[in-house]
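**Student:** Could you have a look at this structure, given as structure tokens, before my questions?
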Amino acid sequence: MPCKSNDELKELVNEARKITKSGRVADYIPALGKANPNDLSIALNFPDGRCFSAGDIEKKFSLQSISKVITLALVLMDRGKEYVFERVGMEPTGDPFNSIAKLESMAPSKPLNPMINAGALAVTHMIKGESIEDRFQRLLQFVRELSGNDGIQFNQEIARSEYDTAHLNRALCYFLKQHHIIEEDVDELIDLYTKQCAIEMSCLDLARIGIVFALDGKDPQTGNQIMPAKIARICKTFMVTCGMYNASGEFAIKIGIPAKSGVAGGIMGSVPGKFGIGIFGPALDDKGNSIAGIKLLELLSKNYNLSMF
Ligand code: GLN
């Protein structure tokens with residue numbers, strides 16, 4: 001069923017687009033700096049296959065930190081809960097996503113959660129496979145299954161651009177290696193992580209992934225369980241507590257749904273049992289979240305009473 005353009009959503013997009021002027025596109029990954037700060041798009045995907053959209057829906061963007069939820073689900077299936085949470089914690093940090101501070105101040109050193117870069121790098125390290133290529137292909141296949149789109153690829157220019165400039169992420173990896181949380185070659189892990197972050201899609205694909213989490217891991221079309229319900233629920237809980245970086249508390253109060261953002265401007269939302277949301281708006285606020293994307297979710301949540309609290 002094609003995604004229908006929707007007038008109510010169009011009005012919300014027009015309203016939220018005004019705020020893009022107060023944001024900035026991320027440019028610490030140079031290739032992301034090319035995005036048009038005015039872009040804004042949204043799609044909603046429902047269990048019965050209906051899909052509504054508005055804005056620049058043909059625009060593709062890289063998942064960046066949104067991929068952290070997906071790798072966490074894959075690794076929980078690969079390794080089990082005990083193994084994963086022996087190496088990565090479950091607590092929000094209140095620090096920016098790329099902070100190194102708590103790694104040094106906590107004893108024993110262990111990343112606080114899988115949604116900050118240190119924790120996500122440890123999670124990517126745990127993806128099973130024979131080689132970097134094999135591990136990446138397993139992840140890509142999983143993303144294709146979640147999105148119901150076999151055409152999903154990664155953006156090579158963005159992956160390369162991050163690989164060449166990921167000095168802080170390399171520092172996090174060396175720290176984790178010193179503390180035996182990761183064992184592999186740091187450049188190889190950065191290669192895998194930057195490809196993971198560069199997986200590219202539209203807001204329609206992202207809404208389709210959002211609904212799988214909203215339905216506790218069930219494929220809305222086939223009814224197959226893509227991941228165990230328990231794992232989908234762990235992922236959704238992390239989306240609530242840490243999904244919007246160090247703005248997660250305010251987001252929970254104002255909007256009240258599980259969501260995960262990325263610095264390319266994507267936000268994936270999962271309204272439990274109801275629908276999936278995909279948003280793209282590359283102008284970011286000072287915490288690194290899509291500024292118009294958050295505005296759009298605020299309007300949606302208020303108009304349709306979406307808060308789960
Ligand atoms: N690839 C990005 C990084 O590691 C992802 C960060 C993000 O989206 N917040 O810096």
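Letters for chains follow the order of the structure tokens (A, B, ...), residue numbers begin at 1 for each chain, and ligand numbers begin at 1 in the order shown.
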Do you know which residues are within 8 Å of ligand 1 using only C-alpha atoms and all ligand atoms? Can you write them as a tab-separated table (two decimals) with all heavy atoms, in the first residue's frame?
**Tutor:**
chain	number	residue	atom	x	y	z
A	29	ILE	N	30.80	15.55	11.22
A	29	ILE	CA	31.03	14.56	10.17
A	29	ILE	C	30.85	15.36	8.88
A	29	ILE	O	29.73	15.74	8.53
A	29	ILE	CB	29.99	13.41	10.25
A	29	ILE	CG1	30.12	12.68	11.60
A	29	ILE	CG2	30.15	12.44	9.07
A	29	ILE	CD1	29.04	11.65	11.87
A	63	LEU	N	21.12	6.82	9.21
A	63	LEU	CA	20.51	6.56	10.52
A	63	LEU	C	21.30	7.18	11.67
A	63	LEU	O	20.72	7.61	12.66
A	63	LEU	CB	20.42	5.05	10.76
A	63	LEU	CG	19.34	4.29	10.01
A	63	LEU	CD1	19.45	2.80	10.35
A	63	LEU	CD2	17.95	4.80	10.39
A	64	GLN	N	22.62	7.20	11.56
A	64	GLN	CA	23.48	7.63	12.68
A	64	GLN	C	23.04	6.92	13.97
A	64	GLN	O	22.93	5.73	13.99
A	64	GLN	CB	23.50	9.17	12.79
A	64	GLN	CG	24.05	9.84	11.53
A	64	GLN	CD	25.47	9.41	11.18
A	64	GLN	OE1	26.25	9.05	12.04
A	64	GLN	NE2	25.83	9.42	9.90
A	65	SER	N	22.76	7.68	15.04
A	65	SER	CA	22.50	7.01	16.33
A	65	SER	C	21.22	6.18	16.37
A	65	SER	O	21.06	5.37	17.30
A	65	SER	CB	22.45	8.05	17.45
A	65	SER	OG	23.75	8.38	17.85
A	66	ILE	N	20.33	6.37	15.41
A	66	ILE	CA	19.12	5.52	15.41
A	66	ILE	C	19.53	4.06	15.23
A	66	ILE	O	18.88	3.14	15.74
A	66	ILE	CB	18.14	5.97	14.31
A	66	ILE	CG1	17.77	7.44	14.49
A	66	ILE	CG2	16.88	5.09	14.32
A	66	ILE	CD1	17.01	8.04	13.31
A	97	PHE	N	26.11	12.68	23.97
A	97	PHE	CA	26.24	11.30	23.47
A	97	PHE	C	27.68	10.83	23.27
A	97	PHE	O	27.96	9.65	23.32
A	97	PHE	CB	25.43	11.12	22.18
A	97	PHE	CG	25.92	11.95	21.02
A	97	PHE	CD1	26.95	11.52	20.20
A	97	PHE	CD2	25.33	13.17	20.73
A	97	PHE	CE1	27.39	12.28	19.13
A	97	PHE	CE2	25.76	13.95	19.67
A	97	PHE	CZ	26.79	13.51	18.87
A	98	ASN	N	28.59	11.80	23.03
A	98	ASN	CA	29.96	11.36	22.72
A	98	ASN	C	30.91	11.58	23.90
A	98	ASN	O	32.13	11.54	23.74
A	98	ASN	CB	30.48	12.08	21.47
A	98	ASN	CG	30.36	13.58	21.61
A	98	ASN	OD1	29.97	14.09	22.66
A	98	ASN	ND2	30.72	14.29	20.56
A	116	ILE	N	24.63	5.76	24.20
A	116	ILE	CA	25.74	6.72	24.06
A	116	ILE	C	26.81	6.06	23.18
A	116	ILE	O	26.82	4.83	23.05
A	116	ILE	CB	26.34	7.10	25.44
A	116	ILE	CG1	26.66	5.85	26.27
A	116	ILE	CG2	25.40	8.04	26.18
A	116	ILE	CD1	27.47	6.11	27.51
A	117	ASN	N	27.69	6.87	22.63
A	117	ASN	CA	28.66	6.29	21.68
A	117	ASN	C	29.50	5.18	22.30
A	117	ASN	O	29.72	4.14	21.66
A	117	ASN	CB	29.56	7.38	21.11
A	117	ASN	CG	28.84	8.19	20.05
A	117	ASN	OD1	27.62	8.07	19.89
A	117	ASN	ND2	29.57	9.02	19.34
A	162	GLU	N	32.96	9.92	8.07
A	162	GLU	CA	33.03	9.72	9.53
A	162	GLU	C	34.27	8.90	9.89
A	162	GLU	O	34.95	9.21	10.88
A	162	GLU	CB	31.76	9.02	10.06
A	162	GLU	CG	31.86	8.87	11.58
A	162	GLU	CD	30.60	8.41	12.29
A	162	GLU	OE1	29.67	7.91	11.63
A	162	GLU	OE2	30.57	8.52	13.53
A	166	ALA	N	36.74	10.30	12.87
A	166	ALA	CA	36.17	9.78	14.14
A	166	ALA	C	37.23	9.66	15.23
A	166	ALA	O	37.42	8.60	15.83
A	166	ALA	CB	35.52	8.42	13.88
A	169	ASN	N	35.61	8.97	18.74
A	169	ASN	CA	35.11	7.58	18.83
A	169	ASN	C	36.27	6.59	18.91
A	169	ASN	O	36.19	5.59	19.62
A	169	ASN	CB	34.20	7.25	17.64
A	169	ASN	CG	32.81	7.84	17.83
A	169	ASN	OD1	32.38	8.09	18.95
A	169	ASN	ND2	32.11	8.06	16.73
A	193	TYR	N	31.33	0.37	12.57
A	193	TYR	CA	30.43	1.33	13.22
A	193	TYR	C	30.04	2.46	12.27
A	193	TYR	O	28.88	2.89	12.23
A	193	TYR	CB	31.11	1.87	14.48
A	193	TYR	CG	30.36	2.98	15.18
A	193	TYR	CD1	29.27	2.69	16.00
A	193	TYR	CD2	30.73	4.32	15.04
A	193	TYR	CE1	28.57	3.72	16.66
A	193	TYR	CE2	30.04	5.34	15.69
A	193	TYR	CZ	28.97	5.03	16.50
A	193	TYR	OH	28.28	6.03	17.13
A	194	THR	N	31.01	2.96	11.50
A	194	THR	CA	30.68	4.08	10.62
A	194	THR	C	29.79	3.63	9.45
A	194	THR	O	28.94	4.40	8.99
A	194	THR	CB	31.95	4.80	10.09
A	194	THR	OG1	32.85	3.84	9.55
A	194	THR	CG2	32.65	5.55	11.20
A	197	CYS	N	26.31	3.43	10.98
A	197	CYS	CA	25.71	4.76	11.15
A	197	CYS	C	25.30	5.36	9.80
A	197	CYS	O	24.44	6.23	9.75
A	197	CYS	CB	26.69	5.69	11.85
A	197	CYS	SG	26.91	5.29	13.59
A	198	ALA	N	25.94	4.90	8.70
A	198	ALA	CA	25.67	5.48	7.38
A	198	ALA	C	24.56	4.74	6.63
A	198	ALA	O	24.27	5.07	5.47
A	198	ALA	CB	26.96	5.50	6.56
A	245	TYR	N	19.29	11.41	23.80
A	245	TYR	CA	20.51	11.86	24.47
A	245	TYR	C	20.18	12.49	25.83
A	245	TYR	O	19.26	12.05	26.50
A	245	TYR	CB	21.31	12.87	23.62
A	245	TYR	CG	21.39	12.54	22.15
A	245	TYR	CD1	20.99	13.44	21.18
A	245	TYR	CD2	21.89	11.31	21.73
A	245	TYR	CE1	21.08	13.15	19.83
A	245	TYR	CE2	21.98	11.01	20.37
A	245	TYR	CZ	21.57	11.93	19.44
A	245	TYR	OH	21.66	11.65	18.12
A	261	SER	N	16.83	9.41	18.21
A	261	SER	CA	17.26	10.38	17.20
A	261	SER	C	18.67	10.08	16.72
A	261	SER	O	19.41	9.31	17.35
A	261	SER	CB	17.20	11.78	17.78
A	261	SER	OG	18.15	11.88	18.81
A	262	GLY	N	19.04	10.71	15.62
A	262	GLY	CA	20.40	10.61	15.08
A	262	GLY	C	20.86	11.97	14.60
A	262	GLY	O	20.01	12.81	14.25
A	263	VAL	N	22.18	12.19	14.55
A	263	VAL	CA	22.67	13.53	14.18
A	263	VAL	C	22.48	13.92	12.72
A	263	VAL	O	22.70	15.06	12.36
A	263	VAL	CB	24.16	13.78	14.54
A	263	VAL	CG1	24.37	13.96	16.01
A	263	VAL	CG2	25.04	12.74	13.96
A	264	ALA	N	22.06	12.96	11.88
A	264	ALA	CA	21.73	13.37	10.50
A	264	ALA	C	20.35	14.03	10.47
A	264	ALA	O	19.92	14.55	9.44
A	264	ALA	CB	21.76	12.16	9.58
A	288	GLY	N	21.72	18.04	19.76
A	288	GLY	CA	21.93	17.15	18.61
A	288	GLY	C	20.67	16.47	18.13
A	288	GLY	O	20.74	15.51	17.37
**Student:** Which neighbours of Lys274 (chain A) fall inside 7 Å, counting only C-alpha atoms, when residues of the same chain fewer than 3 positions from it are skipped, and could you give them as a PyMOL selection string?
**Tutor:** chain A and resi 46+214+271
**Student:** Let's have the selection written as a PDB file, in the first residue's frame, with C-alpha atoms.
**Tutor:**
ATOM      1  CA  PHE A  46      -0.079   1.736  11.062  1.00  0.00           C
ATOM      2  CA  ALA A 214       5.706  -0.508  18.588  1.00  0.00           C
ATOM      3  CA  VAL A 271       3.829   4.533  19.892  1.00  0.00           C
TER       4      VAL A 271
END
**Student:** When you look at Asp164 (chain A) with a cut-off of 12 Å (counting only C-alpha atoms), what residues show up, excluding the ones that are within fewer than 6 positions of it in the same chain? I need them as a PyMOL selection string.
**Tutor:** chain A and resi 28-31+157-158+170+187+190-191+194
**Student:** I need the residues from that last selection saved to file as an mmCIF file, in the first residue's frame (with N, CA and C atoms), if you can.
**Tutor:**
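Result written to selection-v1.cif:
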data_model
loop_
_atom_site.group_PDB
_atom_site.id
_atom_site.type_symbol
_atom_site.label_atom_id
_atom_site.label_comp_id
_atom_site.auth_asym_id
_atom_site.auth_seq_id
_atom_site.Cartn_x
_atom_site.Cartn_y
_atom_site.Cartn_z
ATOM 1 N N TYR A 28 30.319 18.013 12.163
ATOM 2 C CA TYR A 28 31.542 17.368 12.683
ATOM 3 C C TYR A 28 31.837 16.094 11.896
ATOM 4 N N ILE A 29 30.803 15.554 11.222
ATOM 5 C CA ILE A 29 31.026 14.557 10.169
ATOM 6 C C ILE A 29 30.854 15.360 8.882
ATOM 7 N N PRO A 30 31.960 15.701 8.194
ATOM 8 C CA PRO A 30 31.862 16.705 7.123
ATOM 9 C C PRO A 30 30.755 16.435 6.100
ATOM 10 N N ALA A 31 30.546 15.181 5.705
ATOM 11 C CA ALA A 31 29.538 14.906 4.665
ATOM 12 C C ALA A 31 28.119 15.255 5.121
ATOM 13 N N GLU A 157 29.900 7.661 1.034
ATOM 14 C CA GLU A 157 30.573 8.942 1.269
ATOM 15 C C GLU A 157 30.478 9.344 2.749
ATOM 16 N N ILE A 158 29.287 9.133 3.329
ATOM 17 C CA ILE A 158 29.099 9.496 4.746
ATOM 18 C C ILE A 158 29.919 8.571 5.646
ATOM 19 N N ARG A 170 37.377 6.879 18.223
ATOM 20 C CA ARG A 170 38.561 6.005 18.352
ATOM 21 C C ARG A 170 39.087 6.059 19.781
ATOM 22 N N ASP A 187 40.489 0.274 14.404
ATOM 23 C CA ASP A 187 40.112 0.785 13.083
ATOM 24 C C ASP A 187 39.063 -0.104 12.419
ATOM 25 N N ILE A 190 35.775 0.727 14.048
ATOM 26 C CA ILE A 190 35.305 2.035 13.553
ATOM 27 C C ILE A 190 34.775 1.895 12.122
ATOM 28 N N ASP A 191 35.401 1.039 11.333
ATOM 29 C CA ASP A 191 34.929 0.791 9.971
ATOM 30 C C ASP A 191 33.495 0.236 10.012
ATOM 31 N N THR A 194 31.006 2.961 11.500
ATOM 32 C CA THR A 194 30.682 4.084 10.619
ATOM 33 C C THR A 194 29.788 3.633 9.451
#
**Student:** My list of candidates is A:Ala207, A:Pro220, A:Leu12, A:Val69. Which is closest to Asp48 (chain A) when distances are computed with only C-alpha atoms?
**Tutor:**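 Smallest distance to Asp48 (chain A) is found for A:Pro220.
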**Student:** Got a sec: who's within 10 Å of Val75 (chain A), counting only C-alpha atoms, leaving out chain neighbours fewer than 4 positions off, as a ChimeraX atom specification?
**Tutor:** /A:70-71,79-81,83-84,123-128,139,231
**Student:** Write to file, as an mmCIF file, in the first residue's frame, the residues of the selection just made, with N, CA, C and O atoms.
**Tutor:**
data_model
loop_
_atom_site.group_PDB
_atom_site.id
_atom_site.type_symbol
_atom_site.label_atom_id
_atom_site.label_comp_id
_atom_site.auth_asym_id
_atom_site.auth_seq_id
_atom_site.Cartn_x
_atom_site.Cartn_y
_atom_site.Cartn_z
ATOM 1 N N ILE A 70 18.906 -0.638 16.725
ATOM 2 C CA ILE A 70 18.813 -1.821 15.866
ATOM 3 C C ILE A 70 19.956 -2.792 16.160
ATOM 4 O O ILE A 70 19.741 -3.999 16.279
ATOM 5 N N THR A 71 21.165 -2.247 16.341
ATOM 6 C CA THR A 71 22.291 -3.149 16.677
ATOM 7 C C THR A 71 22.066 -3.757 18.056
ATOM 8 O O THR A 71 22.397 -4.925 18.272
ATOM 9 N N ARG A 79 23.584 -12.743 21.460
ATOM 10 C CA ARG A 79 24.396 -13.061 22.651
ATOM 11 C C ARG A 79 23.595 -13.278 23.925
ATOM 12 O O ARG A 79 24.141 -13.775 24.911
ATOM 13 N N GLY A 80 22.338 -12.790 23.947
ATOM 14 C CA GLY A 80 21.544 -12.900 25.188
ATOM 15 C C GLY A 80 21.809 -11.725 26.109
ATOM 16 O O GLY A 80 22.841 -11.053 26.035
ATOM 17 N N LYS A 81 20.828 -11.497 26.964
ATOM 18 C CA LYS A 81 20.803 -10.330 27.851
ATOM 19 C C LYS A 81 21.990 -10.301 28.832
ATOM 20 O O LYS A 81 22.611 -9.273 29.034
ATOM 21 N N TYR A 83 25.009 -11.635 28.785
ATOM 22 C CA TYR A 83 26.296 -11.327 28.142
ATOM 23 C C TYR A 83 26.383 -9.830 27.812
ATOM 24 O O TYR A 83 27.367 -9.170 28.121
ATOM 25 N N VAL A 84 25.320 -9.294 27.204
ATOM 26 C CA VAL A 84 25.351 -7.894 26.756
ATOM 27 C C VAL A 84 25.445 -6.946 27.952
ATOM 28 O O VAL A 84 26.297 -6.043 27.987
ATOM 29 N N VAL A 123 28.508 -2.386 21.785
ATOM 30 C CA VAL A 123 27.440 -3.238 21.227
ATOM 31 C C VAL A 123 27.813 -3.672 19.799
ATOM 32 O O VAL A 123 27.692 -4.851 19.447
ATOM 33 N N THR A 124 28.287 -2.740 18.993
ATOM 34 C CA THR A 124 28.688 -3.083 17.619
ATOM 35 C C THR A 124 29.788 -4.150 17.647
ATOM 36 O O THR A 124 29.793 -5.074 16.828
ATOM 37 N N HIS A 125 30.680 -4.030 18.607
ATOM 38 C CA HIS A 125 31.738 -5.039 18.788
ATOM 39 C C HIS A 125 31.144 -6.442 18.976
ATOM 40 O O HIS A 125 31.741 -7.438 18.576
ATOM 41 N N MET A 126 29.951 -6.509 19.560
ATOM 42 C CA MET A 126 29.355 -7.826 19.880
ATOM 43 C C MET A 126 28.568 -8.447 18.724
ATOM 44 O O MET A 126 28.066 -9.564 18.855
ATOM 45 N N ILE A 127 28.417 -7.729 17.589
ATOM 46 C CA ILE A 127 27.698 -8.328 16.450
ATOM 47 C C ILE A 127 28.470 -9.549 15.974
ATOM 48 O O ILE A 127 29.674 -9.458 15.705
ATOM 49 N N LYS A 128 27.792 -10.677 15.889
ATOM 50 C CA LYS A 128 28.475 -11.916 15.499
ATOM 51 C C LYS A 128 28.739 -11.967 13.991
ATOM 52 O O LYS A 128 27.957 -11.422 13.213
ATOM 53 N N LEU A 139 23.826 -7.162 9.747
ATOM 54 C CA LEU A 139 23.098 -6.000 10.259
ATOM 55 C C LEU A 139 22.211 -5.401 9.158
ATOM 56 O O LEU A 139 21.031 -5.105 9.374
ATOM 57 N N ILE A 231 12.900 -8.467 23.754
ATOM 58 C CA ILE A 231 14.001 -7.643 23.226
ATOM 59 C C ILE A 231 13.457 -6.310 22.705
ATOM 60 O O ILE A 231 14.019 -5.246 22.976
#
**Student:** Have a look at A:Gly23, A:Gly281, A:Gly217, A:Gly94 and name the one nearest to Leu297 (chain A); count only C-alpha atoms.
**Tutor:**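 Ranked by minimum distance to Leu297 (chain A), first place goes to A:Gly281.
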**Student:** Based on the backbone DSSP call, show me all residues of region 151-216 of chain A assigned strand (DSSP E), as an MDAnalysis selection string.
**Tutor:** chainID A and resid 153:154 199:201
**Student:** Within 9 Å of Lys295 (chain A), counting only C-alpha atoms, which residues show up once you throw out same-chain ones fewer than 6 positions away? Write them as a list in words, please.
**Tutor:**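 Returned residues: Glu15, Ala16, Arg17 and Ile19 of chain A.
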**Student:** Write the residues of the selection above to a file with C-alpha atoms, as a PDB file, in the first residue's frame.
**Tutor:**
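Writing done, so here's out01.pdb:
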ATOM      1  CA  GLU A  15       4.116  24.882  11.352  1.00  0.00           C
ATOM      2  CA  ALA A  16       7.202  22.964  12.575  1.00  0.00           C
ATOM      3  CA  ARG A  17       9.312  23.942   9.543  1.00  0.00           C
ATOM      4  CA  ILE A  19      11.716  26.541  13.602  1.00  0.00           C
TER       5      ILE A  19
END
**Student:** Using only C-alpha atoms, determine which residues lie at most 9 Å from Asn36 (chain A), disregarding the query and same-chain residues fewer than 3 positions distant; provide the list as a list in words.
**Tutor:**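 After dropping sequence-adjacent residues, the list is Val25, Gly33, Asp39, Gly281, Pro282 and Ala283 of chain A.
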**Student:** Would you put the residues from that selection into a file with C-alpha atoms, as a short mmCIF file (atom, residue, chain, number, x, y, z; two decimals), in the first residue's frame?
**Tutor:**
data_model
loop_
_atom_site.label_atom_id
_atom_site.label_comp_id
_atom_site.auth_asym_id
_atom_site.auth_seq_id
_atom_site.Cartn_x
_atom_site.Cartn_y
_atom_site.Cartn_z
CA VAL A 25 23.03 20.82 10.56
CA GLY A 33 27.19 19.35 6.52
CA ASP A 39 14.10 19.87 4.85
CA GLY A 281 14.77 17.25 9.64
CA PRO A 282 18.53 17.85 9.58
CA ALA A 283 18.62 21.19 11.45
#
**Student:** Per residue of region 211-296 of chain A within 12 Å of region 50-53 of chain A, note the shortest atom pair and the distance in Å to one decimal, counting only C-alpha atoms, and order the rows by chain and increasing residue number, as a Markdown table.
**Tutor:**
| residue | atom | partner | partner_atom | distance |
| --- | --- | --- | --- | --- |
| A:Ile211 | CA | A:Cys51 | CA | 10.8 |
| A:Pro220 | CA | A:Arg50 | CA | 10.4 |
| A:Gln221 | CA | A:Arg50 | CA | 10.7 |
| A:Lys274 | CA | A:Arg50 | CA | 11.7 |
| A:Phe275 | CA | A:Cys51 | CA | 9.5 |
| A:Gly276 | CA | A:Cys51 | CA | 9.4 |
| A:Ile277 | CA | A:Ser53 | CA | 9.7 |
| A:Gly278 | CA | A:Ser53 | CA | 9.2 |
| A:Ile279 | CA | A:Ser53 | CA | 9.6 |
| A:Phe280 | CA | A:Ser53 | CA | 11.5 |
**Student:** May I have the residues from that selection written out with N, CA and C atoms, as a PDB file, in the first residue's frame?
**Tutor:**
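part_6.pdb was written with the following content:
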ATOM      1  N   ILE A 211       7.294   0.884  13.644  1.00  0.00           N
ATOM      2  CA  ILE A 211       6.094   0.112  13.992  1.00  0.00           C
ATOM      3  C   ILE A 211       6.460  -1.291  14.471  1.00  0.00           C
ATOM      4  N   PRO A 220       4.373  -6.058  10.766  1.00  0.00           N
ATOM      5  CA  PRO A 220       2.963  -5.704  10.599  1.00  0.00           C
ATOM      6  C   PRO A 220       2.311  -6.385   9.388  1.00  0.00           C
ATOM      7  N   GLN A 221       3.110  -6.726   8.376  1.00  0.00           N
ATOM      8  CA  GLN A 221       2.531  -7.358   7.182  1.00  0.00           C
ATOM      9  C   GLN A 221       2.329  -8.865   7.350  1.00  0.00           C
ATOM     10  N   LYS A 274       0.445   0.973  18.717  1.00  0.00           N
ATOM     11  CA  LYS A 274      -0.358   1.804  17.808  1.00  0.00           C
ATOM     12  C   LYS A 274       0.271   2.054  16.436  1.00  0.00           C
ATOM     13  N   PHE A 275       1.388   2.779  16.397  1.00  0.00           N
ATOM     14  CA  PHE A 275       1.989   3.067  15.081  1.00  0.00           C
ATOM     15  C   PHE A 275       3.460   3.461  15.186  1.00  0.00           C
ATOM     16  N   GLY A 276       4.106   3.473  14.034  1.00  0.00           N
ATOM     17  CA  GLY A 276       5.507   3.868  13.958  1.00  0.00           C
ATOM     18  C   GLY A 276       5.618   5.238  13.310  1.00  0.00           C
ATOM     19  N   ILE A 277       6.638   5.999  13.712  1.00  0.00           N
ATOM     20  CA  ILE A 277       6.843   7.348  13.172  1.00  0.00           C
ATOM     21  C   ILE A 277       8.262   7.438  12.609  1.00  0.00           C
ATOM     22  N   GLY A 278       8.388   8.021  11.426  1.00  0.00           N
ATOM     23  CA  GLY A 278       9.705   8.330  10.874  1.00  0.00           C
ATOM     24  C   GLY A 278       9.747   9.803  10.551  1.00  0.00           C
ATOM     25  N   ILE A 279      10.784  10.486  11.016  1.00  0.00           N
ATOM     26  CA  ILE A 279      10.907  11.929  10.768  1.00  0.00           C
ATOM     27  C   ILE A 279      12.308  12.217  10.273  1.00  0.00           C
ATOM     28  N   PHE A 280      12.410  13.173   9.362  1.00  0.00           N
ATOM     29  CA  PHE A 280      13.731  13.665   8.952  1.00  0.00           C
ATOM     30  C   PHE A 280      13.711  15.183   8.896  1.00  0.00           C
TER      31      PHE A 280
END
**Student:** Enumerate, as a ChimeraX atom specification, the complete set of residues in region 117-259 of chain A that a backbone-based DSSP assignment places in helix (DSSP H, G or I).
**Tutor:** /A:117-125,132-147,156-165,167-178,186-197,203-214,229-242,245-254
**Student:** Find the residue from A:Ile209, A:Ala107, A:Leu215, A:Leu44 that sits nearest to Leu300 (chain A); use only C-alpha atoms when measuring.
**Tutor:**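 Looking only at the distances to Leu300 (chain A), the closest residue turns out to be A:Leu44.
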**Student:** A:Leu168, A:Leu72, A:Ala259, A:Leu204: which is nearest Gly49 (chain A), counting only C-alpha atoms?
**Tutor:** A:Leu204
**Student:** May I ask which of the residues A:Leu189, A:Ile226, A:Ile234, A:Ile57 is the closest one to Arg135 (chain A), counting only C-alpha atoms?
**Tutor:**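 Using only C-alpha atoms, Arg135 (chain A) sits closest to A:Leu189.
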**Student:** Between A:Val143, A:Leu206, A:Ile253, A:Ala120, which one has atoms that come closest to Val88 (chain A), using only C-alpha atoms?
**Tutor:**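 Of A:Val143, A:Leu206, A:Ile253, A:Ala120, the one nearest Val88 (chain A), counting only C-alpha atoms, is A:Ala120.
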